[in-house]
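Below: input-v7.txt (compact mmCIF, C-alpha atoms)
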# COMPACT_ATOMS: atom_id res chain seq x y z
CA MET A 1 0.00 0.00 0.00
CA ASP A 2 2.83 2.39 0.86
CA LYS A 3 4.46 1.67 -2.50
CA LEU A 4 1.20 2.46 -4.31
CA ILE A 5 0.89 5.74 -2.42
CA LYS A 6 4.44 6.68 -3.36
CA ILE A 7 3.74 5.96 -7.03
CA MET A 8 0.54 7.99 -7.03
CA THR A 9 2.21 10.94 -5.28
CA LYS A 10 5.09 11.12 -7.72
CA ASP A 11 5.14 14.33 -9.71
CA SER A 12 4.66 12.43 -12.99
CA ALA A 13 1.39 10.93 -11.75
CA LEU A 14 0.14 13.67 -9.44
CA VAL A 15 0.33 16.56 -11.91
CA PRO A 16 -1.92 14.97 -14.59
CA PHE A 17 -4.35 13.77 -11.90
CA VAL A 18 -4.69 17.26 -10.44
CA ALA A 19 -4.89 18.73 -13.95
CA ILE A 20 -7.85 16.48 -14.72
CA LEU A 21 -9.60 17.56 -11.53
CA MET A 22 -8.96 21.22 -12.33
CA GLY A 23 -10.31 20.69 -15.84
CA LEU A 24 -13.48 19.10 -14.48
CA LEU A 25 -13.89 21.94 -11.98
CA PHE A 26 -13.44 24.50 -14.73
CA GLY A 27 -16.04 22.65 -16.80
CA ALA A 28 -18.38 22.78 -13.81
CA LEU A 29 -17.93 26.56 -13.60
CA VAL A 30 -18.73 26.88 -17.31
CA MET A 31 -21.91 24.86 -16.79
CA LEU A 32 -22.90 27.00 -13.83
CA ALA A 33 -22.34 30.14 -15.89
CA GLY A 34 -24.60 28.70 -18.59
CA GLY A 35 -27.33 27.85 -16.09
CA TYR A 36 -26.74 24.09 -15.98
CA ASN A 37 -26.31 21.89 -12.93
CA PRO A 38 -22.80 20.37 -13.07
CA LEU A 39 -23.61 17.65 -10.52
CA THR A 40 -26.55 16.48 -12.59
CA ALA A 41 -24.49 16.72 -15.77
CA TYR A 42 -21.51 14.76 -14.45
CA GLY A 43 -23.83 12.23 -12.86
CA ALA A 44 -25.58 11.76 -16.21
CA LEU A 45 -22.18 11.37 -17.90
CA VAL A 46 -21.15 8.61 -15.51
CA GLY A 47 -24.57 6.99 -15.84
CA LYS A 48 -24.29 7.00 -19.64
CA VAL A 49 -20.90 5.26 -19.53
CA PHE A 50 -21.70 2.71 -16.81
CA GLY A 51 -25.50 2.64 -16.97
CA ASP A 52 -25.85 -0.71 -18.76
CA SER A 53 -23.79 -3.27 -20.63
CA TYR A 54 -24.57 -1.76 -24.05
CA ASP A 55 -23.33 1.71 -23.11
CA PHE A 56 -20.26 0.27 -21.40
CA GLY A 57 -19.46 -1.75 -24.53
CA GLU A 58 -19.93 1.27 -26.78
CA THR A 59 -17.63 3.27 -24.52
CA ILE A 60 -14.94 0.64 -25.04
CA ARG A 61 -15.60 0.89 -28.77
CA GLU A 62 -15.07 4.67 -28.58
CA ILE A 63 -11.86 4.25 -26.59
CA THR A 64 -10.20 1.71 -28.91
CA PRO A 65 -9.23 3.92 -31.90
CA LEU A 66 -8.12 6.67 -29.50
CA ILE A 67 -5.58 4.30 -27.97
CA LEU A 68 -4.10 3.57 -31.39
CA THR A 69 -3.99 7.15 -32.67
CA GLY A 70 -2.64 8.27 -29.29
CA LEU A 71 0.13 5.68 -29.56
CA SER A 72 0.85 6.92 -33.08
CA VAL A 73 1.39 10.50 -31.93
CA ALA A 74 3.24 9.46 -28.77
CA PHE A 75 5.66 7.23 -30.68
CA ALA A 76 6.59 10.08 -33.00
CA PHE A 77 6.99 12.45 -30.04
CA ARG A 78 9.30 10.00 -28.30
CA THR A 79 11.52 9.95 -31.37
CA GLY A 80 11.64 13.71 -31.81
CA LEU A 81 8.91 14.04 -34.44
CA PHE A 82 5.41 15.49 -34.50
CA ASN A 83 3.02 13.26 -36.42
CA ILE A 84 -0.11 15.29 -36.98
CA GLY A 85 -1.02 13.07 -39.92
CA GLY A 86 -2.93 10.44 -37.98
CA GLU A 87 -6.09 11.40 -39.87
CA GLY A 88 -4.58 10.54 -43.24
CA GLN A 89 -2.93 7.37 -41.98
CA PHE A 90 -6.25 6.37 -40.40
CA MET A 91 -8.05 6.88 -43.72
CA MET A 92 -5.46 5.00 -45.74
CA GLY A 93 -5.46 2.08 -43.31
CA MET A 94 -9.24 1.98 -43.41
CA THR A 95 -9.32 2.07 -47.22
CA ALA A 96 -6.72 -0.68 -47.64
CA ALA A 97 -8.61 -2.90 -45.20
CA SER A 98 -11.88 -2.17 -47.03
CA VAL A 99 -10.41 -3.16 -50.39
CA ILE A 100 -9.06 -6.44 -49.01
CA GLY A 101 -12.19 -7.10 -46.97
CA ILE A 102 -14.60 -6.49 -49.86
CA LYS A 103 -12.80 -7.67 -52.97
CA LEU A 104 -11.12 -10.88 -51.82
CA GLN A 105 -12.74 -14.24 -51.05
CA LEU A 106 -10.53 -16.06 -48.56
CA PRO A 107 -10.84 -18.28 -45.47
CA TRP A 108 -11.36 -16.27 -42.28
CA PHE A 109 -8.02 -17.27 -40.77
CA ILE A 110 -6.28 -15.67 -43.80
CA HIS A 111 -8.73 -12.94 -44.77
CA ALA A 112 -9.00 -10.98 -41.52
CA PRO A 113 -5.24 -11.06 -40.70
CA LEU A 114 -4.41 -10.06 -44.29
CA ALA A 115 -6.80 -7.09 -44.14
CA VAL A 116 -5.33 -5.99 -40.80
CA VAL A 117 -1.73 -6.27 -42.02
CA ALA A 118 -2.52 -4.51 -45.31
CA GLY A 119 -4.20 -1.60 -43.54
CA ALA A 120 -1.38 -1.28 -41.02
CA LEU A 121 1.31 -1.33 -43.74
CA ILE A 122 -0.45 1.25 -45.93
CA GLY A 123 -0.87 3.51 -42.90
CA GLY A 124 2.81 3.04 -42.15
CA ILE A 125 3.84 3.82 -45.72
CA TRP A 126 1.70 6.97 -45.63
CA GLY A 127 3.57 8.07 -42.50
CA ALA A 128 6.91 7.08 -44.04
CA ILE A 129 6.32 9.49 -46.94
CA ALA A 130 6.47 12.40 -44.49
CA GLY A 131 9.49 10.80 -42.82
CA TYR A 132 11.30 10.51 -46.15
CA LEU A 133 10.61 14.15 -47.03
CA LYS A 134 11.89 15.16 -43.59
CA ALA A 135 15.04 13.03 -43.84
CA LYS A 136 15.99 13.67 -47.47
CA ARG A 137 14.62 17.15 -48.14
CA GLY A 138 14.40 18.70 -44.70
CA VAL A 139 10.66 19.36 -45.06
CA ASN A 140 8.95 19.87 -41.70
CA GLU A 141 6.80 16.84 -40.93
CA VAL A 142 3.99 19.00 -39.53
CA ILE A 143 3.45 20.59 -42.94
CA THR A 144 3.68 17.36 -44.93
CA THR A 145 1.45 15.34 -42.62
CA ILE A 146 -1.28 18.00 -42.65
CA MET A 147 -1.17 18.10 -46.45
CA LEU A 148 -1.13 14.31 -46.69
CA ASN A 149 -4.29 14.18 -44.55
CA TRP A 150 -6.23 15.85 -47.35
CA VAL A 151 -4.56 13.74 -50.04
CA ALA A 152 -5.54 10.60 -48.12
CA LEU A 153 -9.13 11.80 -47.75
CA TYR A 154 -9.58 12.32 -51.49
CA ILE A 155 -7.75 9.12 -52.43
CA SER A 156 -10.01 7.18 -50.07
CA ASN A 157 -13.14 8.78 -51.53
CA TYR A 158 -11.90 8.05 -55.05
CA VAL A 159 -11.23 4.39 -54.28
CA VAL A 160 -14.66 3.95 -52.69
CA ASN A 161 -16.40 5.78 -55.55
CA GLN A 162 -14.63 3.93 -58.34
CA PHE A 163 -14.21 0.41 -57.00
CA LEU A 164 -16.30 -0.26 -53.89
CA LEU A 165 -19.46 1.85 -54.12
CA GLN A 166 -22.92 0.33 -53.84
CA PRO A 167 -25.22 1.61 -56.62
CA GLY A 168 -27.34 4.49 -55.39
CA GLN A 169 -25.48 4.67 -52.07
CA GLN A 170 -22.75 6.86 -50.65
CA ARG A 171 -20.99 3.92 -49.07
CA SER A 172 -19.16 0.78 -50.09
CA TYR A 173 -20.42 -2.77 -50.24
CA PRO A 174 -20.14 -4.49 -46.83
CA THR A 175 -16.93 -6.32 -46.05
CA GLN A 176 -16.94 -10.10 -46.28
CA ASP A 177 -17.87 -11.96 -43.10
CA SER A 178 -14.50 -13.71 -43.26
CA ALA A 179 -12.74 -10.34 -42.85
CA THR A 180 -14.70 -9.09 -39.85
CA LEU A 181 -13.09 -8.36 -36.50
CA SER A 182 -16.41 -8.34 -34.64
CA ILE A 183 -16.91 -10.67 -31.68
CA GLY A 184 -20.47 -11.89 -31.98
CA TRP A 185 -20.82 -13.69 -28.66
CA LEU A 186 -19.34 -10.74 -26.74
CA SER A 187 -21.61 -8.29 -28.54
CA GLU A 188 -24.63 -10.34 -27.49
CA LEU A 189 -23.31 -10.44 -23.94
CA MET A 190 -22.90 -6.64 -23.99
CA GLY A 191 -26.40 -5.87 -25.23
CA ASN A 192 -25.41 -5.85 -28.94
CA ALA A 193 -22.69 -3.26 -28.44
CA ARG A 194 -20.18 -3.29 -31.30
CA MET A 195 -17.41 -5.30 -29.64
CA HIS A 196 -14.44 -6.40 -31.71
CA TRP A 197 -10.89 -7.74 -31.61
CA GLY A 198 -9.56 -4.25 -32.26
CA THR A 199 -9.53 -3.57 -28.52
CA VAL A 200 -7.16 -6.50 -28.03
CA ILE A 201 -5.06 -5.24 -30.93
CA ALA A 202 -4.89 -1.77 -29.35
CA LEU A 203 -3.70 -3.13 -26.00
CA ALA A 204 -1.17 -5.35 -27.77
CA ALA A 205 0.04 -2.31 -29.69
CA ALA A 206 0.65 -0.46 -26.41
CA THR A 207 2.76 -3.40 -25.24
CA VAL A 208 4.72 -3.41 -28.51
CA PHE A 209 5.25 0.35 -28.11
CA TYR A 210 6.87 -0.18 -24.70
CA VAL A 211 8.97 -3.19 -25.64
CA LEU A 212 10.19 -1.66 -28.90
CA LEU A 213 11.21 1.71 -27.49
CA TRP A 214 12.66 0.65 -24.14
CA LYS A 215 13.73 -2.97 -24.51
CA THR A 216 15.39 -3.13 -27.93
CA ARG A 217 18.47 -1.69 -29.58
CA GLN A 218 16.33 -0.26 -32.37
CA GLY A 219 14.22 1.60 -29.83
CA TYR A 220 17.34 3.03 -28.22
CA GLU A 221 18.48 4.33 -31.62
CA LEU A 222 15.08 5.87 -32.34
CA ARG A 223 15.04 7.66 -28.99
CA ALA A 224 18.65 8.76 -29.37
CA VAL A 225 17.95 10.30 -32.76
CA GLY A 226 14.94 12.07 -31.28
CA HIS A 227 16.92 13.49 -28.35
CA ASN A 228 19.93 14.68 -30.35
CA PRO A 229 20.33 13.76 -34.03
CA HIS A 230 23.81 15.27 -34.21
CA ALA A 231 25.10 13.18 -31.31
CA ALA A 232 23.37 10.11 -32.75
CA ARG A 233 25.05 10.66 -36.11
CA TYR A 234 28.43 11.10 -34.38
CA ALA A 235 27.81 7.77 -32.60
CA GLY A 236 27.41 6.04 -35.97
CA MET A 237 23.61 5.88 -36.17
CA ASN A 238 21.83 6.41 -39.49
CA VAL A 239 19.69 9.42 -38.59
CA ASN A 240 17.75 9.64 -41.87
CA ARG A 241 16.84 5.95 -41.84
CA ASN A 242 15.64 6.19 -38.25
CA ILE A 243 13.46 9.21 -39.05
CA VAL A 244 11.73 7.31 -41.86
CA LYS A 245 11.44 4.22 -39.68
CA SER A 246 9.92 6.21 -36.83
CA MET A 247 7.24 7.75 -39.03
CA PHE A 248 6.55 4.34 -40.59
CA ILE A 249 5.93 2.74 -37.19
CA SER A 250 3.88 5.75 -36.08
CA GLY A 251 1.77 5.42 -39.21
CA ILE A 252 1.21 1.72 -38.53
CA PHE A 253 -0.50 2.55 -35.22
CA ALA A 254 -2.79 5.12 -36.87
CA GLY A 255 -3.48 2.79 -39.80
CA LEU A 256 -4.55 0.08 -37.37
CA ALA A 257 -7.08 2.51 -35.88
CA GLY A 258 -8.71 2.82 -39.31
CA VAL A 259 -8.58 -0.95 -39.80
CA VAL A 260 -10.39 -1.80 -36.58
CA ASP A 261 -12.97 0.91 -37.20
CA VAL A 262 -14.01 -0.43 -40.59
CA LEU A 263 -13.62 -4.18 -39.93
CA GLY A 264 -14.82 -4.18 -36.33
CA VAL A 265 -17.46 -1.46 -36.12
CA PHE A 266 -19.06 -0.36 -39.41
CA HIS A 267 -18.10 -3.10 -41.91
CA TYR A 268 -18.32 -0.59 -44.76
CA GLN A 269 -16.67 2.68 -45.77
CA THR A 270 -18.52 5.85 -46.71
CA VAL A 271 -17.70 8.73 -49.01
CA VAL A 272 -17.01 11.50 -46.50
CA ALA A 273 -16.54 15.25 -46.68
CA ALA A 274 -14.05 15.36 -43.79
CA THR A 275 -11.83 13.03 -41.83
CA PRO A 276 -13.32 11.43 -38.67
CA GLY A 277 -11.16 13.30 -36.16
CA TYR A 278 -9.50 10.39 -34.38
CA GLY A 279 -6.05 11.42 -35.58
CA PHE A 280 -6.36 14.92 -34.13
CA ASP A 281 -7.89 13.56 -30.93
CA GLY A 282 -4.84 11.30 -30.72
CA VAL A 283 -2.67 14.40 -30.25
CA ALA A 284 -4.67 15.31 -27.15
CA VAL A 285 -4.58 11.72 -25.89
CA ALA A 286 -0.79 11.55 -26.30
CA LEU A 287 -0.31 14.88 -24.54
CA LEU A 288 -2.61 13.89 -21.70
CA GLY A 289 -0.89 10.50 -21.40
CA GLY A 290 2.61 11.97 -21.21
CA ASN A 291 3.64 10.07 -24.38
CA THR A 292 3.90 6.78 -22.48
CA PRO A 293 1.98 3.64 -23.48
CA LEU A 294 0.22 3.25 -20.14
CA GLY A 295 -0.51 6.97 -20.01
CA VAL A 296 -1.98 6.87 -23.52
CA VAL A 297 -4.27 3.97 -22.61
CA LEU A 298 -5.51 5.78 -19.48
CA ALA A 299 -5.90 9.07 -21.34
CA ALA A 300 -7.87 7.32 -24.10
CA VAL A 301 -10.15 5.81 -21.45
CA LEU A 302 -10.81 9.28 -20.03
CA PHE A 303 -11.16 10.95 -23.42
CA GLY A 304 -13.39 8.21 -24.85
CA SER A 305 -15.57 8.10 -21.73
CA LEU A 306 -16.08 11.85 -21.78
CA THR A 307 -16.88 11.80 -25.50
CA TYR A 308 -19.39 8.97 -25.32
CA GLY A 309 -20.83 10.11 -22.00
CA SER A 310 -21.55 13.58 -23.36
CA ALA A 311 -24.76 12.20 -24.87
CA GLY A 312 -25.99 11.48 -21.35
CA MET A 313 -25.34 15.08 -20.37
CA SER A 314 -27.48 16.26 -23.27
CA PHE A 315 -30.48 14.06 -22.50
CA ALA A 316 -30.50 14.04 -18.71
CA ALA A 317 -29.17 17.52 -17.89
CA ASP A 318 -29.98 19.35 -21.14
CA VAL A 319 -26.33 20.35 -21.48
CA PRO A 320 -25.16 21.00 -25.07
CA PRO A 321 -22.67 18.38 -26.33
CA GLU A 322 -20.16 21.16 -26.98
CA ILE A 323 -19.75 21.61 -23.23
CA ILE A 324 -17.87 18.32 -23.05
CA ARG A 325 -15.34 19.74 -25.51
CA VAL A 326 -14.86 22.65 -23.14
CA VAL A 327 -14.17 20.16 -20.33
CA ILE A 328 -11.75 18.14 -22.47
CA GLY A 329 -10.05 21.30 -23.70
CA SER A 330 -9.62 22.61 -20.16
CA VAL A 331 -8.15 19.27 -19.02
CA ILE A 332 -5.63 19.41 -21.87
CA PHE A 333 -4.87 23.04 -21.05
CA PHE A 334 -4.05 22.29 -17.43
CA VAL A 335 -1.99 19.23 -18.36
CA ALA A 336 -0.02 21.32 -20.86
CA THR A 337 0.55 24.17 -18.41
CA HIS A 338 2.41 22.24 -15.73
CA GLY A 339 3.48 25.49 -14.08
CA ILE A 340 -0.07 26.35 -13.04
CA VAL A 341 -0.72 22.87 -11.65
CA ARG A 342 2.59 22.82 -9.75
CA TRP A 343 1.76 26.24 -8.28
CA VAL A 344 -1.49 24.76 -6.95
CA LEU A 345 0.49 21.83 -5.54
CA LEU A 346 3.11 23.99 -3.78
CA PRO A 347 1.58 23.43 -0.30
CA ILE A 348 1.74 19.65 -0.81
CA TYR A 349 5.36 19.83 -1.96
CA ALA A 350 6.26 22.06 1.01
CA LYS A 351 4.60 19.67 3.46
CA ARG A 352 6.43 16.71 1.90
CA LYS A 353 9.79 18.46 2.22
CA LYS A 354 9.13 19.19 5.90
CA GLU A 355 8.23 15.54 6.53
CA GLU A 356 11.39 14.37 4.75
CA ALA A 357 13.53 16.84 6.70
CA ALA A 358 12.03 15.64 9.98
Please go through the file and, once you have read it, give me the structure as structure tokens.
Amino acid sequence: MDKLIKIMTKDSALVPFVAILMGLLFGALVMLAGGYNPLTAYGALVGKVFGDSYDFGETIREITPLILTGLSVAFAFRTGLFNIGGEGQFMMGMTAASVIGIKLQLPWFIHAPLAVVAGALIGGIWGAIAGYLKAKRGVNEVITTIMLNWVALYISNYVVNQFLLQPGQQRSYPTQDSATLSIGWLSELMGNARMHWGTVIALAAATVFYVLLWKTRQGYELRAVGHNPHAARYAGMNVNRNIVKSMFISGIFAGLAGVVDVLGVFHYQTVVAATPGYGFDGVAVALLGGNTPLGVVLAAVLFGSLTYGSAGMSFAADVPPEIIRVVIGSVIFFVATHGIVRWVLLPIYAKRKKEEAA
């Protein structure tokens, strides 16, 4: 118990925890200013998430892609890059999985894994394009990834329109049953919530993130290049190759998010006017999670629960859904501004120092 208390009172854990509380308090003040009851609203939010098995299952469904896009952004951050192209990598992964899932007729034990691998690789390649331009031409990855988001959107729409579209519809044919990632028996158990193997894939991806970056030589090189590319080059590391490799791996995570969304949730792809937003939300998840795999998972749980639970606030407390974005934004703000949070925690730090001195 003492060890757990020490872990939870470490600065790395205490600051985000207090930041979340401050964000929720700020959101409560906004609701009060708008004439809404924050206790009723937050109670409705919790009730929406945990009210029944269906809502709990759908909350898990909302959390899953956020874990993967959060890992995508966090991996790039850890290696000195800023991957804001999760949206495009998500779309390309989704489109590749749709093509494989719709066009091919294969046994399930080949079809589903092939669709997952294809989507992940295409997402990785889409990220590697920005990495190559950064390594070979010195083009800032923020600019290229933002531009590639729009390219991916229009390529995806073109592929669906030309090769996958159902006549008279704005969406593709459904994917083959052999390519699905849905878990039928678990969905029935969870009140027909859209449960799928993507959640397992997301948790496995978080484990791979940790092992790769902190337990392998390749991970050491990637982190070294991110910390100081000049020192890494002096030590004999291939900086350009590691930049491309980092963006490729980052893109794989985001591509997987698109894969699990189309094969596990919708089973078809629509012609859309804008990207779904999971890639941009992944930036917030990575920031909130401190760019660590465990932190990203926990941040995705919070972010996904707030997003899905906002519907409960609307129905039960008549709070506009936009209020939840104010809450999420304020949480991110306080996490990003560590100085404010540490100023609030000064009395705790002072008390701890006195106890240690005694």
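Candidate residues A:Trp343, A:Gln170, A:Val30, A:Val49 were compared for distance to Tyr158 of chain A, and the nearest is A:Gln170, using only C-alpha atoms.
You can rank A:Leu24, A:Leu68, A:Met94, A:Ala311 by their closest distance to Val117 of chain A using all atoms listed in the file, and at the top of that list sits A:Met94.
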message = Please list as a list in words every residue within 8 Å of Ile102 of chain A, counting all atoms listed in the file and excluding residues in the same chain fewer than 6 positions away.
response = Leu164, Tyr173, Pro174, Thr175 and Gln176 of chain A
Give me, as a tab-separated table, each residue of segment 28-116 of chain A that comes within 10 Å of segment 130-146 of chain A, together with its shortest interatomic pair and the distance in Å at one decimal, counting all atoms listed in the file, with rows ordered by chain and rising residue number.
residue	atom	partner	partner_atom	distance
A:Leu81	CA	A:Glu141	CA	7.4
A:Phe82	CA	A:Val142	CA	6.3
A:Asn83	CA	A:Val142	CA	6.6
A:Ile84	CA	A:Thr145	CA	5.9
A:Gly85	CA	A:Thr145	CA	4.3
A:Gly86	CA	A:Thr145	CA	8.0
A:Glu87	CA	A:Ile146	CA	8.6
A:Gly88	CA	A:Thr145	CA	7.7
A:Gln89	CA	A:Thr145	CA	9.1
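For the set A:Met190, A:Val18, A:Leu25, A:Thr69, the residue with the smallest atom-to-atom gap to Pro38 of chain A is A:Leu25, counting only C-alpha atoms.
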key: Contacts of Ala317 of chain A within 8 Å, all atoms listed in the file, excl. fewer than 3 positions in-chain, as a VMD selection string   = chain A and resid 36 to 37 40 to 41 44 312 to 314
key: Selected residue, from A:Ile63, A:Val225, A:Val344, A:Leu165, that lies nearest to Asp281 of chain A when counting all atoms listed in the file   = A:Ile63
request  = List every protein, DNA or RNA residue that has at least one atom no more than 12 Å from (13.7, 1.4, -32.3) in the file's coordinates, counting all atoms listed in the file, and write the result as a VMD selection string.
outcome  = chain A and resid 75 to 76 78 to 79 208 to 226 237 to 239 241 to 250
request  = Would you mind telling me which residue in A:Ala204, A:Val271, A:Val297, A:Val265 lies nearest to Gln166 of chain A when using all atoms listed in the file?
outcome  = A:Val271
key: For Ile332 of chain A, the nearest of the candidates A:Gly43, A:Gly255, A:Gly289, A:Gly168, counting all atoms listed in the file   = A:Gly289
task = For a cut-off of 12 Å around (-17.1, 5.9, -44.0), file coordinates, pick out all residues using only C-alpha atoms and list them as JSON, numbers by chain.
result = {"A": [90, 91, 92, 94, 95, 98, 153, 156, 157, 159, 160, 161, 164, 165, 169, 170, 171, 172, 173, 174, 258, 259, 261, 262, 263, 265, 266, 267, 268, 269, 270, 271, 272, 273, 274, 275, 276]}
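Atom CA of Ala257 of chain A is positioned 19.3 Å from atom CA of Ser178 of chain A.
Here atom CA of Thr307 of chain A and atom CA of Glu62 of chain A stand 8.0 Å from one another.
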key: Interatomic distance, atom CA of Ala118 of chain A to atom CA of Ala202 of chain A (Å, one decimal)   = 16.4 Å
Centre, x/y/z edge lengths, axis-aligned box for segment 98-117 of chain A with 6 Å per side, as lines of an AutoDock Vina configuration file:
center_x = -8.2
center_y = -10.2
center_z = -46.8
size_x = 24.9
size_y = 28.1
size_z = 24.3
